[in-house]
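Engineer: I'm passing along start20.cif; it holds mmCIF, C-alpha atoms and all ligand atoms.
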```cif
data_query
#
loop_
_atom_site.label_atom_id
_atom_site.label_comp_id
_atom_site.auth_asym_id
_atom_site.auth_seq_id
_atom_site.Cartn_x
_atom_site.Cartn_y
_atom_site.Cartn_z
CA MET A 1262 94.79 89.64 125.81
CA LYS A 1263 96.83 92.45 127.33
CA PHE A 1264 94.67 94.85 129.31
CA THR A 1265 95.88 97.87 127.31
CA THR A 1266 94.68 96.20 124.16
CA TYR A 1267 91.37 95.48 125.79
CA ILE A 1268 90.96 99.08 126.94
CA LYS A 1269 91.97 100.51 123.60
CA ALA A 1270 89.65 98.14 121.74
CA SER A 1271 86.69 98.93 123.97
CA VAL A 1272 87.23 102.68 123.79
CA VAL A 1273 87.56 102.60 120.02
CA ALA A 1274 84.41 100.47 119.74
CA SER A 1275 82.33 102.81 121.87
CA PHE A 1276 83.41 105.84 119.86
CA LEU A 1277 82.66 104.10 116.59
CA VAL A 1278 79.19 103.10 117.75
CA SER A 1279 78.35 106.65 118.78
CA GLY A 1280 79.70 107.93 115.50
CA ALA A 1281 81.93 110.47 117.25
CA ALA A 1282 85.59 111.10 116.49
CA ILE A 1283 87.98 108.76 118.27
CA ALA A 1284 89.50 110.59 121.21
CA GLY A 1285 91.17 107.85 123.23
CA PRO A 1286 92.11 107.58 126.90
CA GLU A 1287 92.42 110.88 128.77
CA ALA A 1288 93.68 111.73 132.21
CA GLU A 1289 94.04 114.89 134.21
CA VAL A 1290 96.65 114.01 136.82
CA LEU A 1291 97.05 115.94 140.07
CA HIS A 1292 100.43 115.45 141.74
CA TRP A 1293 103.12 117.36 143.63
CA TRP A 1294 106.20 116.12 141.84
CA THR A 1295 107.81 119.37 140.77
CA SER A 1296 111.47 119.16 141.87
CA GLY A 1297 114.17 118.08 139.39
CA GLY A 1298 114.21 114.40 140.38
CA GLU A 1299 110.45 114.26 140.86
CA ALA A 1300 109.68 115.83 137.48
CA LYS A 1301 112.01 113.36 135.77
CA SER A 1302 110.15 110.51 137.46
CA VAL A 1303 106.60 111.58 136.62
CA ALA A 1304 107.72 112.17 133.02
CA VAL A 1305 108.22 108.39 132.74
CA LEU A 1306 104.52 107.81 133.42
CA GLN A 1307 103.50 110.65 131.15
CA GLN A 1308 105.56 109.15 128.31
CA GLU A 1309 104.17 105.65 128.77
CA PHE A 1310 100.64 107.06 128.83
CA ALA A 1311 101.27 108.93 125.56
CA ASP A 1312 102.92 105.87 123.98
CA ASN A 1313 99.71 103.96 124.67
CA GLY A 1314 97.52 106.53 122.98
CA GLY A 1315 96.64 108.56 126.07
CA THR A 1316 96.28 112.32 126.39
CA TRP A 1317 97.70 113.57 129.70
CA THR A 1318 96.70 116.88 131.22
CA ASP A 1319 99.21 117.76 133.89
CA MET A 1320 98.06 119.34 137.15
CA PRO A 1321 101.19 119.79 139.26
CA VAL A 1322 100.72 121.58 142.60
CA ALA A 1323 104.13 122.52 144.00
CA GLY A 1324 104.81 121.94 147.67
CA GLY A 1325 106.83 119.12 149.20
CA GLY A 1326 104.89 116.57 151.20
CA GLY A 1327 101.72 117.39 149.25
CA ASP A 1328 99.85 119.70 151.64
CA ALA A 1329 99.13 122.25 148.90
CA ALA A 1330 98.11 119.49 146.49
CA MET A 1331 95.62 118.12 149.00
CA THR A 1332 94.10 121.59 149.48
CA ALA A 1333 93.76 121.92 145.70
CA LEU A 1334 92.14 118.48 145.53
CA ARG A 1335 89.52 119.35 148.13
CA ALA A 1336 88.60 122.52 146.24
CA ARG A 1337 88.21 120.59 142.99
CA VAL A 1338 86.09 117.84 144.54
CA LEU A 1339 83.88 120.34 146.38
CA SER A 1340 83.21 122.18 143.14
CA GLY A 1341 82.10 118.88 141.57
CA ASN A 1342 85.02 118.76 139.17
CA ALA A 1343 87.43 116.12 140.49
CA PRO A 1344 90.63 115.39 138.54
CA THR A 1345 90.63 111.91 137.00
CA ALA A 1346 93.75 110.68 138.81
CA VAL A 1347 95.31 111.95 142.02
CA GLN A 1348 98.54 111.27 143.89
CA LEU A 1349 97.06 110.12 147.18
CA LYS A 1350 98.29 107.83 149.91
CA GLY A 1351 97.77 106.12 153.22
CA PRO A 1352 94.50 106.52 155.16
CA ALA A 1353 93.59 109.56 153.01
CA ILE A 1354 92.64 107.01 150.34
CA GLN A 1355 90.06 105.44 152.63
CA GLU A 1356 88.91 108.88 153.82
CA TRP A 1357 88.09 109.89 150.23
CA TYR A 1358 86.50 106.50 149.60
CA GLU A 1359 84.18 107.08 152.54
CA GLU A 1360 83.07 110.31 150.89
CA GLY A 1361 81.93 108.19 147.94
CA VAL A 1362 84.07 109.91 145.32
CA LEU A 1363 86.60 107.23 144.31
CA ALA A 1364 86.40 104.96 141.27
CA ASP A 1365 86.77 101.19 141.66
CA ILE A 1366 89.84 99.93 139.81
CA SER A 1367 89.38 96.28 140.78
CA ALA A 1368 88.92 95.16 137.16
CA VAL A 1369 92.49 96.22 136.30
CA ALA A 1370 93.88 94.98 139.62
CA GLU A 1371 92.34 91.57 139.16
CA ALA A 1372 93.33 91.28 135.50
CA GLN A 1373 96.95 92.03 136.50
CA ASN A 1374 96.88 89.97 139.71
CA TRP A 1375 97.99 92.83 141.98
CA ALA A 1376 97.28 90.67 145.04
CA GLY A 1377 100.04 88.31 143.92
CA LEU A 1378 102.47 91.11 143.01
CA LEU A 1379 102.38 93.30 146.11
CA PRO A 1380 103.45 92.69 149.70
CA ALA A 1381 100.36 92.37 151.90
CA SER A 1382 101.32 95.50 153.88
CA ILE A 1383 101.24 97.61 150.72
CA ALA A 1384 98.17 95.95 149.21
CA GLY A 1385 96.22 96.76 152.38
CA HIS A 1386 96.69 100.50 151.81
CA MET A 1387 95.32 100.17 148.26
CA MET A 1388 92.04 98.54 149.26
CA CYS A 1389 88.70 99.99 150.34
CA GLU A 1390 86.20 97.51 151.77
CA GLY A 1391 87.53 94.67 149.66
CA THR A 1392 87.81 96.65 146.40
CA TRP A 1393 90.97 98.12 144.87
CA CYS A 1394 90.90 101.90 145.13
CA ALA A 1395 94.53 102.95 144.52
CA ALA A 1396 97.59 101.85 142.55
CA PRO A 1397 101.05 101.98 144.20
CA VAL A 1398 104.15 103.26 142.38
CA ASN A 1399 106.88 102.74 144.97
CA VAL A 1400 108.17 102.38 148.50
CA HIS A 1401 109.97 105.44 149.83
CA ARG A 1402 111.91 105.13 153.06
CA ILE A 1403 111.83 108.11 155.42
CA ASP A 1404 114.49 107.35 158.04
CA TRP A 1405 117.53 108.23 155.94
CA ILE A 1406 120.49 110.42 156.59
CA TRP A 1407 122.26 111.89 153.53
CA ALA A 1408 125.72 113.36 153.63
CA ASN A 1409 128.30 115.10 151.49
CA ALA A 1410 131.13 112.54 151.22
CA SER A 1411 134.02 114.98 150.85
CA VAL A 1412 132.80 117.31 153.62
CA LEU A 1413 132.70 114.35 156.00
CA GLU A 1414 136.09 113.13 154.91
CA ALA A 1415 137.72 116.56 155.16
CA ASN A 1416 136.46 116.81 158.72
CA GLY A 1417 137.37 113.27 159.79
CA ILE A 1418 133.74 112.25 160.24
CA THR A 1419 132.18 108.85 159.48
CA MET A 1420 128.44 108.28 159.13
CA PRO A 1421 126.89 108.36 162.63
CA THR A 1422 125.30 105.19 163.96
CA THR A 1423 123.96 106.67 167.22
CA TRP A 1424 122.39 110.05 168.01
CA ASP A 1425 125.37 110.86 170.25
CA GLU A 1426 127.65 110.27 167.27
CA PHE A 1427 125.39 112.44 165.15
CA ASN A 1428 125.58 115.25 167.71
CA ALA A 1429 129.38 114.95 167.95
CA ALA A 1430 129.69 115.06 164.15
CA ALA A 1431 127.33 118.04 163.96
CA ASP A 1432 129.31 119.93 166.61
CA LYS A 1433 132.50 119.29 164.66
CA LEU A 1434 130.97 120.59 161.43
CA ALA A 1435 129.61 123.67 163.18
CA ALA A 1436 133.08 124.39 164.58
CA ALA A 1437 134.46 124.15 161.03
CA GLY A 1438 131.91 126.71 159.80
CA ILE A 1439 129.72 124.21 157.94
CA THR A 1440 125.97 123.99 158.50
CA PRO A 1441 125.56 120.58 160.17
CA LEU A 1442 121.95 119.94 159.12
CA ALA A 1443 120.43 121.12 155.84
CA HIS A 1444 116.78 121.69 156.66
CA GLY A 1445 113.78 123.57 155.40
CA GLY A 1446 111.50 125.02 158.06
CA GLN A 1447 108.21 123.70 156.73
CA ALA A 1448 105.92 121.73 159.03
CA TRP A 1449 106.18 118.49 157.06
CA GLN A 1450 109.99 118.65 157.04
CA ASP A 1451 110.05 119.22 160.82
CA ALA A 1452 107.77 116.19 161.14
CA THR A 1453 110.06 114.13 158.89
CA VAL A 1454 113.08 114.76 161.12
CA PHE A 1455 110.97 114.27 164.25
CA GLU A 1456 109.70 110.83 163.29
CA ALA A 1457 113.21 109.63 162.37
CA VAL A 1458 114.47 110.85 165.76
CA ALA A 1459 111.50 109.24 167.52
CA LEU A 1460 112.08 105.87 165.87
CA GLY A 1461 115.80 106.06 166.65
CA ILE A 1462 115.46 107.04 170.28
CA GLY A 1463 112.29 105.14 171.18
CA GLY A 1464 112.46 102.08 168.93
CA ALA A 1465 109.74 100.36 166.92
CA ASP A 1466 107.30 99.53 169.73
CA PHE A 1467 107.47 103.07 171.06
CA PHE A 1468 106.88 104.46 167.57
CA ARG A 1469 103.90 102.16 166.97
CA LYS A 1470 102.30 102.97 170.32
CA ALA A 1471 102.83 106.71 169.86
CA PHE A 1472 102.08 107.34 166.19
CA VAL A 1473 99.89 104.43 165.14
CA GLU A 1474 97.94 103.69 168.32
CA LEU A 1475 98.13 107.23 169.80
CA ASP A 1476 98.66 105.74 173.26
CA GLU A 1477 98.55 108.58 175.80
CA ALA A 1478 101.10 107.08 178.20
CA THR A 1479 103.60 106.77 175.35
CA LEU A 1480 102.90 110.28 174.06
CA THR A 1481 103.69 111.69 177.52
CA SER A 1482 106.54 109.30 178.39
CA ASP A 1483 110.09 110.20 179.40
CA THR A 1484 111.17 108.72 176.08
CA MET A 1485 109.05 111.31 174.25
CA VAL A 1486 110.68 114.00 176.39
CA ALA A 1487 114.07 112.67 175.22
CA VAL A 1488 112.85 112.83 171.60
CA PHE A 1489 112.00 116.53 171.98
CA ASP A 1490 115.37 117.10 173.71
CA GLN A 1491 117.08 115.76 170.59
CA MET A 1492 114.82 117.94 168.40
CA ARG A 1493 116.03 120.96 170.38
CA LYS A 1494 119.59 119.95 169.48
CA MET A 1495 118.59 119.54 165.83
CA ARG A 1496 117.22 123.09 165.86
CA GLY A 1497 120.69 124.25 166.86
CA TYR A 1498 122.24 122.50 163.85
CA VAL A 1499 120.26 124.31 161.13
CA ASP A 1500 121.35 127.60 159.53
CA ASP A 1501 119.69 130.98 160.13
CA ASN A 1502 117.85 130.95 156.81
CA PHE A 1503 116.07 127.64 157.25
CA SER A 1504 112.52 129.00 157.54
CA GLY A 1505 110.29 128.07 154.61
CA ARG A 1506 113.11 126.57 152.54
CA ASP A 1507 112.02 123.83 150.12
CA TRP A 1508 113.45 120.36 150.77
CA ASN A 1509 115.27 120.18 147.42
CA LEU A 1510 117.11 123.42 148.21
CA ALA A 1511 118.22 121.80 151.46
CA THR A 1512 119.43 118.79 149.43
CA ALA A 1513 121.36 121.23 147.21
CA MET A 1514 123.14 122.56 150.32
CA VAL A 1515 124.47 119.05 150.97
CA MET A 1516 125.40 118.65 147.29
CA ASN A 1517 127.43 121.85 147.18
CA GLY A 1518 129.12 121.30 150.53
CA GLU A 1519 127.39 124.13 152.35
CA ALA A 1520 125.92 121.56 154.74
CA GLY A 1521 127.02 118.14 155.98
CA PHE A 1522 123.80 116.18 156.50
CA GLN A 1523 120.13 116.08 155.58
CA ILE A 1524 117.48 113.86 157.13
CA MET A 1525 114.90 113.24 154.42
CA GLY A 1526 113.06 110.48 152.58
CA ASP A 1527 114.83 108.98 149.59
CA TRP A 1528 113.24 111.35 147.08
CA ALA A 1529 116.38 113.30 148.14
CA LYS A 1530 118.38 110.62 146.37
CA GLY A 1531 116.36 111.32 143.22
CA GLU A 1532 117.60 114.89 143.50
CA PHE A 1533 121.26 113.88 143.94
CA LEU A 1534 120.98 111.53 140.96
CA ALA A 1535 119.25 114.11 138.75
CA ALA A 1536 122.23 116.40 139.44
CA GLY A 1537 124.62 113.65 138.30
CA LYS A 1538 125.90 112.82 141.79
CA VAL A 1539 127.07 109.29 142.53
CA PRO A 1540 126.15 107.43 145.73
CA GLY A 1541 129.19 106.28 147.70
CA GLU A 1542 131.36 108.86 145.93
CA ASP A 1543 129.69 112.26 146.04
CA PHE A 1544 127.05 111.54 148.63
CA LEU A 1545 126.46 108.91 151.28
CA CYS A 1546 123.25 107.27 152.41
CA GLN A 1547 122.60 105.50 155.68
CA SER A 1548 119.54 104.82 157.78
CA THR A 1549 119.17 107.22 160.70
CA PRO A 1550 120.47 105.85 164.03
CA GLY A 1551 118.24 103.11 165.47
CA ASP A 1552 116.37 100.07 164.21
CA GLY A 1553 113.33 99.93 162.00
CA PHE A 1554 112.02 101.17 158.66
CA LEU A 1555 109.51 103.97 158.10
CA TYR A 1556 107.72 103.39 154.83
CA ASN A 1557 105.87 105.82 152.61
CA VAL A 1558 104.11 104.38 149.57
CA ASP A 1559 103.17 106.79 146.79
CA SER A 1560 100.01 105.80 144.99
CA PHE A 1561 97.33 107.11 142.68
CA ALA A 1562 93.60 107.00 143.28
CA MET A 1563 91.08 107.51 140.49
CA PHE A 1564 88.13 109.79 141.17
CA ALA A 1565 84.67 108.92 139.90
CA VAL A 1566 84.19 110.82 136.63
CA ASP A 1567 81.85 110.58 133.65
CA GLY A 1568 82.96 109.84 130.12
CA ASP A 1569 84.34 106.75 128.38
CA ASP A 1570 87.57 108.51 127.44
CA LYS A 1571 88.28 109.51 131.03
CA GLN A 1572 87.38 106.10 132.42
CA ALA A 1573 89.59 104.44 129.81
CA GLY A 1574 92.34 106.85 130.87
CA GLN A 1575 91.96 105.75 134.47
CA ALA A 1576 92.14 102.07 133.60
CA LEU A 1577 95.15 102.62 131.36
CA LEU A 1578 96.94 104.65 134.02
CA ALA A 1579 96.29 102.02 136.69
CA GLU A 1580 97.60 99.32 134.39
CA LEU A 1581 100.74 101.25 133.45
CA ILE A 1582 101.53 102.17 137.07
CA MET A 1583 101.75 98.52 138.02
CA GLY A 1584 103.73 97.61 134.89
CA GLN A 1585 107.02 95.87 135.62
CA ASN A 1586 109.17 98.12 133.45
CA PHE A 1587 107.49 101.30 134.67
CA GLN A 1588 108.11 100.31 138.29
CA LYS A 1589 111.79 99.88 137.49
CA VAL A 1590 112.41 103.05 135.46
CA PHE A 1591 110.24 105.31 137.61
CA ASN A 1592 111.95 104.22 140.81
CA LEU A 1593 115.45 104.47 139.37
CA ASN A 1594 114.66 108.17 138.97
CA LYS A 1595 112.56 108.72 142.06
CA GLY A 1596 114.99 107.35 144.64
CA SER A 1597 112.50 104.79 145.95
CA ILE A 1598 112.22 101.04 145.36
CA PRO A 1599 109.46 99.30 143.38
CA ALA A 1600 106.23 98.33 145.13
CA ARG A 1601 106.03 95.16 143.00
CA ILE A 1602 107.98 92.30 144.49
CA ASP A 1603 109.12 90.83 141.16
CA VAL A 1604 111.15 93.76 139.81
CA SER A 1605 114.88 93.06 139.61
CA LEU A 1606 117.08 95.50 141.54
CA ASP A 1607 120.13 94.74 139.38
CA GLU A 1608 120.23 98.26 137.95
CA PHE A 1609 119.61 99.93 141.31
CA ASP A 1610 122.29 101.53 143.50
CA ILE A 1611 123.59 100.68 146.94
CA CYS A 1612 121.02 102.86 148.75
CA ALA A 1613 118.14 101.02 147.07
CA HIS A 1614 119.70 97.67 147.97
CA ILE A 1615 120.01 98.76 151.61
CA SER A 1616 116.39 99.90 151.54
CA SER A 1617 115.14 96.63 150.11
CA ALA A 1618 117.14 94.45 152.52
CA ASP A 1619 116.18 96.57 155.55
CA MET A 1620 112.53 96.52 154.54
CA ALA A 1621 112.54 92.74 154.39
CA ALA A 1622 114.39 92.44 157.71
CA SER A 1623 112.08 94.96 159.42
CA ASN A 1624 109.05 93.14 158.08
CA GLU A 1625 110.36 89.91 159.65
CA GLY A 1626 111.30 91.61 162.92
CA GLY A 1627 108.08 93.61 163.37
CA SER A 1628 109.72 97.02 162.90
CA LEU A 1629 108.32 97.88 159.46
CA LEU A 1630 106.27 100.96 160.28
CA PRO A 1631 104.11 103.46 158.41
CA SER A 1632 105.41 107.02 158.30
CA TYR A 1633 103.14 109.32 160.30
CA ALA A 1634 104.78 112.44 158.80
CA HIS A 1635 103.93 111.31 155.26
CA GLY A 1636 100.35 110.37 155.89
CA MET A 1637 100.75 106.59 156.07
CA ALA A 1638 99.84 105.97 159.72
CA LEU A 1639 97.03 108.26 160.77
CA ARG A 1640 94.06 110.18 159.48
CA GLY A 1641 94.71 113.80 158.55
CA ALA A 1642 93.24 115.34 161.72
CA GLN A 1643 95.48 113.28 163.98
CA SER A 1644 98.73 113.59 162.06
CA GLY A 1645 98.07 117.32 161.66
CA ALA A 1646 97.61 117.70 165.42
CA ILE A 1647 100.97 116.04 166.10
CA THR A 1648 102.80 118.04 163.44
CA ASP A 1649 101.42 121.34 164.79
CA VAL A 1650 103.07 120.63 168.15
CA VAL A 1651 106.32 119.41 166.59
CA THR A 1652 106.58 122.60 164.53
CA ALA A 1653 105.60 124.88 167.40
CA HIS A 1654 108.33 123.29 169.53
CA PHE A 1655 110.95 123.49 166.77
CA ASN A 1656 110.26 127.17 166.17
CA SER A 1657 110.18 128.39 169.76
CA ASP A 1658 111.92 127.80 173.06
CA MET A 1659 109.14 125.50 174.29
CA SER A 1660 110.46 122.96 176.81
CA SER A 1661 110.31 119.25 176.08
CA ALA A 1662 107.97 118.78 179.04
CA ASP A 1663 105.54 121.36 177.65
CA ALA A 1664 105.79 119.76 174.22
CA VAL A 1665 104.72 116.31 175.43
CA ALA A 1666 101.84 117.83 177.40
CA GLN A 1667 100.69 119.72 174.32
CA LEU A 1668 101.15 116.63 172.18
CA ALA A 1669 98.83 114.54 174.34
CA ALA A 1670 96.24 117.33 174.52
CA ALA A 1671 96.32 117.97 170.75
CA VAL A 1672 95.90 114.29 169.95
CA LYS A 1673 92.98 114.00 172.37
CA ASN A 1674 91.24 117.01 170.79
CA SER A 1675 91.69 115.59 167.31
CA MET A 1676 89.81 112.35 168.06
C1 LIG B 1701 106.05 111.97 148.68
C2 LIG B 1701 107.20 111.91 147.71
C3 LIG B 1701 107.66 113.33 147.42
C4 LIG B 1701 107.96 114.07 148.71
C5 LIG B 1701 108.42 115.49 148.53
C6 LIG B 1701 106.40 112.79 149.91
O1 LIG B 1701 105.30 112.88 150.77
O2 LIG B 1701 105.70 110.69 149.09
O3 LIG B 1701 106.86 111.27 146.53
O4 LIG B 1701 108.78 113.29 146.58
O5 LIG B 1701 106.80 114.10 149.52
O6 LIG B 1701 107.50 116.24 147.85
#
```
Let me see whether you can do it: turn the structure in this file into structure tokens.
Ligand code: BGC

Structural biologist:
Amino acid sequence: MKFTTYIKASVVASFLVSGAAIAGPEAEVLHWWTSGGEAKSVAVLQQEFADNGGTWTDMPVAGGGGDAAMTALRARVLSGNAPTAVQLKGPAIQEWYEEGVLADISAVAEAQNWAGLLPASIAGHMMCEGTWCAAPVNVHRIDWIWANASVLEANGITMPTTWDEFNAAADKLAAAGITPLAHGGQAWQDATVFEAVALGIGGADFFRKAFVELDEATLTSDTMVAVFDQMRKMRGYVDDNFSGRDWNLATAMVMNGEAGFQIMGDWAKGEFLAAGKVPGEDFLCQSTPGDGFLYNVDSFAMFAVDGDDKQAGQALLAELIMGQNFQKVFNLNKGSIPARIDVSLDEFDICAHISSADMAASNEGGSLLPSYAHGMALRGAQSGAITDVVTAHFNSDMSSADAVAQLAAAVKNSM
């Protein structure tokens, strides 16, 4: 029997026994998918939930990267009124589990054989002490560079494959009066650019030692100084109005030719696509210079709540999220690739194919790495400490030497 049928049957039975009116599965869903491409993507889940008899209460909290959403979540949990389902990822899942507030969704996971459908690296993030505590929707890649195809062509620029090439291209664009780098001055966007630069300049082992293992010698190394040197250059490539700008407005600058490049995860592709832009024609995608793959897996955790209707809503949502068709349609809109390994990429574009091939190759070669900037590598206190320094450096004239010293000190204090 299909799990949906099972859930529906059990919910209906319980309502009949109690003599109450049949309500059906319910979910209040907290997420931060509010841009054009993001809203189109979450609407796919909303629709599937409704098609299966569910009632969805939307709780969108605007703010790229999810910082505002996580603040809203904490307030709700502290007031004893957790939402039923929450966009949550990386070690934050285990942090909430340790607080004893997550629901166990193992029954759905086992009925659908998630262990056989997910790569081990992704499955690991969804588990809490041997139980399933989150459901993954996708794999986003962070280390991408997006470009306006005609701006590059008009200026005789090809996609850069080294940071020196990137700097030369950026200088050329600046001389032509075009903003080289579309960027929004928000801490998480600074961190996004920083980790792509760090992977490119330092390589996979450097990245792992610095941002997964928090190795002090690596954090204070000459290589880290070189990373901050490149960040200083990046600061020179943004326009005067970058402070506070949302990431999708930065993407729009690339779309309309105001800027040449953006370094951003592939939710930016969702934005290009939602605006009707075509990869390879209107915009170009390429991994940022260097080897490796920074992954960011969006997932939903269910919070422990009372009520058959809500619990049925959680089970239904978990089941739908891992559905084969949902993983295809959602990711076609979102810019990411499916988390499930058995979803055909036939309908996906060139950027998704590059992502999938590079992910497999990086997995083989040991350079498949969790994004620190998007909460996949570290606990909140540690990633926050790093980002504070990255942002302080980006928004001041702090030297690279001072930045690495502050980085090591901030990490130490956060432990
Ligand atoms: C999330 C994406 C989202 C992006 C911008 C990332 O942390 O993983 O799903 O589109 O932030 O809000």

Engineer: Report, in Å to a single decimal, how far apart atom CA of Asn1557 of chain A and atom CA of Asp1451 of chain A are.

Structural biologist: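 Straight-line distance from atom CA of Asp1451 of chain A to atom CA of Asn1557 of chain A works out to 16.3 Å.
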
Engineer: Do a neighbour search on Arg1640 of chain A at 10 Å with only C-alpha atoms, toss out local chain neighbours closer than 6 positions, and write the hits as a PyMOL selection string.

Structural biologist: chain A and resi 1351-1356+1473+1633+1675-1676

Engineer: Check which residues of chain A sit at most 10 Å from ligand LIG 1701 (chain B) using all atoms listed in the file, and return one row each with the closest pair of atoms and their distance in Å to one decimal, ordered by chain and rising number, as a Markdown table.

Structural biologist:
```
| residue | atom | partner | partner_atom | distance |
| --- | --- | --- | --- | --- |
| A:His1292 | CA | B:LIG1701 | O3 | 9.0 |
| A:Trp1293 | CA | B:LIG1701 | O6 | 6.2 |
| A:Trp1294 | CA | B:LIG1701 | O4 | 6.1 |
| A:Thr1295 | CA | B:LIG1701 | O6 | 7.7 |
| A:Ser1296 | CA | B:LIG1701 | O6 | 7.7 |
| A:Gly1298 | CA | B:LIG1701 | O4 | 8.3 |
| A:Glu1299 | CA | B:LIG1701 | O4 | 6.0 |
| A:Ala1300 | CA | B:LIG1701 | O4 | 9.5 |
| A:Ser1302 | CA | B:LIG1701 | O4 | 9.6 |
| A:Val1303 | CA | B:LIG1701 | O3 | 9.9 |
| A:Ala1323 | CA | B:LIG1701 | O6 | 8.1 |
| A:Gly1324 | CA | B:LIG1701 | O6 | 6.3 |
| A:Gly1325 | CA | B:LIG1701 | O6 | 3.3 |
| A:Gly1326 | CA | B:LIG1701 | O5 | 3.5 |
| A:Gly1327 | CA | B:LIG1701 | O1 | 6.0 |
| A:Asp1328 | CA | B:LIG1701 | O1 | 8.8 |
| A:Gln1348 | CA | B:LIG1701 | O3 | 8.7 |
| A:Leu1349 | CA | B:LIG1701 | O2 | 8.9 |
| A:Lys1350 | CA | B:LIG1701 | O2 | 8.0 |
| A:Val1398 | CA | B:LIG1701 | O3 | 9.4 |
| A:Asn1399 | CA | B:LIG1701 | O3 | 8.7 |
| A:Val1400 | CA | B:LIG1701 | O2 | 8.7 |
| A:His1401 | CA | B:LIG1701 | O2 | 6.8 |
| A:Arg1402 | CA | B:LIG1701 | O2 | 9.2 |
| A:Ile1403 | CA | B:LIG1701 | C6 | 9.0 |
| A:Trp1449 | CA | B:LIG1701 | O1 | 8.5 |
| A:Gln1450 | CA | B:LIG1701 | C5 | 9.2 |
| A:Thr1453 | CA | B:LIG1701 | O1 | 9.5 |
| A:Asp1507 | CA | B:LIG1701 | O6 | 9.1 |
| A:Trp1508 | CA | B:LIG1701 | C5 | 7.4 |
| A:Asn1509 | CA | B:LIG1701 | C5 | 8.4 |
| A:Met1525 | CA | B:LIG1701 | C4 | 9.0 |
| A:Gly1526 | CA | B:LIG1701 | C4 | 7.3 |
| A:Asp1527 | CA | B:LIG1701 | O4 | 8.0 |
| A:Trp1528 | CA | B:LIG1701 | O4 | 4.9 |
| A:Ala1529 | CA | B:LIG1701 | O4 | 7.8 |
| A:Lys1530 | CA | B:LIG1701 | O4 | 10.0 |
| A:Gly1531 | CA | B:LIG1701 | O4 | 8.5 |
| A:Glu1532 | CA | B:LIG1701 | O4 | 9.5 |
| A:Tyr1556 | CA | B:LIG1701 | O2 | 9.5 |
| A:Asn1557 | CA | B:LIG1701 | O2 | 6.0 |
| A:Val1558 | CA | B:LIG1701 | O2 | 6.5 |
| A:Asp1559 | CA | B:LIG1701 | O2 | 5.2 |
| A:Ser1560 | CA | B:LIG1701 | O2 | 8.5 |
| A:Lys1595 | CA | B:LIG1701 | O4 | 7.5 |
| A:Gly1596 | CA | B:LIG1701 | O4 | 8.8 |
| A:Ser1597 | CA | B:LIG1701 | O3 | 8.6 |
| A:Ser1632 | CA | B:LIG1701 | O1 | 9.5 |
| A:Ala1634 | CA | B:LIG1701 | O1 | 8.1 |
| A:His1635 | CA | B:LIG1701 | O1 | 4.9 |
| A:Gly1636 | CA | B:LIG1701 | O1 | 7.6 |
| A:Met1637 | CA | B:LIG1701 | O1 | 9.4 |
```

Engineer: State, in Å with one decimal place, the distance from atom CA of Val1458 of chain A to atom CA of Ala1487 of chain A.

Structural biologist: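 That distance, rounded to one decimal, is 9.6 Å.
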
Engineer: Counting all atoms listed in the file, what is within 12 Å of Asn1374 of chain A, bar same-chain residues fewer than 5 positions away, as a JSON list (two decimals) with C-alpha atoms, keeping the file's coordinate frame?

Structural biologist:
```json
[["chain", "number", "residue", "atom", "x", "y", "z"],
["A", 1264, "PHE", "CA", 94.67, 94.85, 129.31],
["A", 1367, "SER", "CA", 89.38, 96.28, 140.78],
["A", 1368, "ALA", "CA", 88.92, 95.16, 137.16],
["A", 1369, "VAL", "CA", 92.49, 96.22, 136.30],
["A", 1379, "LEU", "CA", 102.38, 93.30, 146.11],
["A", 1384, "ALA", "CA", 98.17, 95.95, 149.21],
["A", 1393, "TRP", "CA", 90.97, 98.12, 144.87],
["A", 1580, "GLU", "CA", 97.60, 99.32, 134.39],
["A", 1583, "MET", "CA", 101.75, 98.52, 138.02],
["A", 1584, "GLY", "CA", 103.73, 97.61, 134.89],
["A", 1601, "ARG", "CA", 106.03, 95.16, 143.00]]
```

Engineer: So the first atom is atom CA of Gln1373 of chain A and the second is atom CA of Ala1565 of chain A; what is the distance between them in Å, to one decimal place?

Structural biologist: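 One can read the atom CA of Gln1373 of chain A to atom CA of Ala1565 of chain A distance as 21.2 Å.
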
Engineer: Since the input has fewer atoms than a full residue there, write segment 1398-1403 of chain A out with N, CA and C atoms, as an mmCIF file, in the coordinates of the input.

Structural biologist:
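Saved as selection-v8.cif:
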```
data_model
loop_
_atom_site.group_PDB
_atom_site.id
_atom_site.type_symbol
_atom_site.label_atom_id
_atom_site.label_comp_id
_atom_site.auth_asym_id
_atom_site.auth_seq_id
_atom_site.Cartn_x
_atom_site.Cartn_y
_atom_site.Cartn_z
ATOM 1 N N VAL A 1398 103.012 103.131 143.301
ATOM 2 C CA VAL A 1398 104.150 103.260 142.380
ATOM 3 C C VAL A 1398 105.472 102.855 143.021
ATOM 4 N N ASN A 1399 105.547 102.899 144.369
ATOM 5 C CA ASN A 1399 106.880 102.740 144.970
ATOM 6 C C ASN A 1399 106.826 102.466 146.465
ATOM 7 N N VAL A 1400 108.014 102.304 147.044
ATOM 8 C CA VAL A 1400 108.170 102.380 148.500
ATOM 9 C C VAL A 1400 109.299 103.360 148.769
ATOM 10 N N HIS A 1401 108.952 104.500 149.364
ATOM 11 C CA HIS A 1401 109.970 105.440 149.830
ATOM 12 C C HIS A 1401 110.277 105.108 151.283
ATOM 13 N N ARG A 1402 111.549 105.254 151.653
ATOM 14 C CA ARG A 1402 111.910 105.130 153.060
ATOM 15 C C ARG A 1402 112.134 106.543 153.607
ATOM 16 N N ILE A 1403 111.680 106.772 154.830
ATOM 17 C CA ILE A 1403 111.830 108.110 155.420
ATOM 18 C C ILE A 1403 113.097 108.236 156.249
#
```
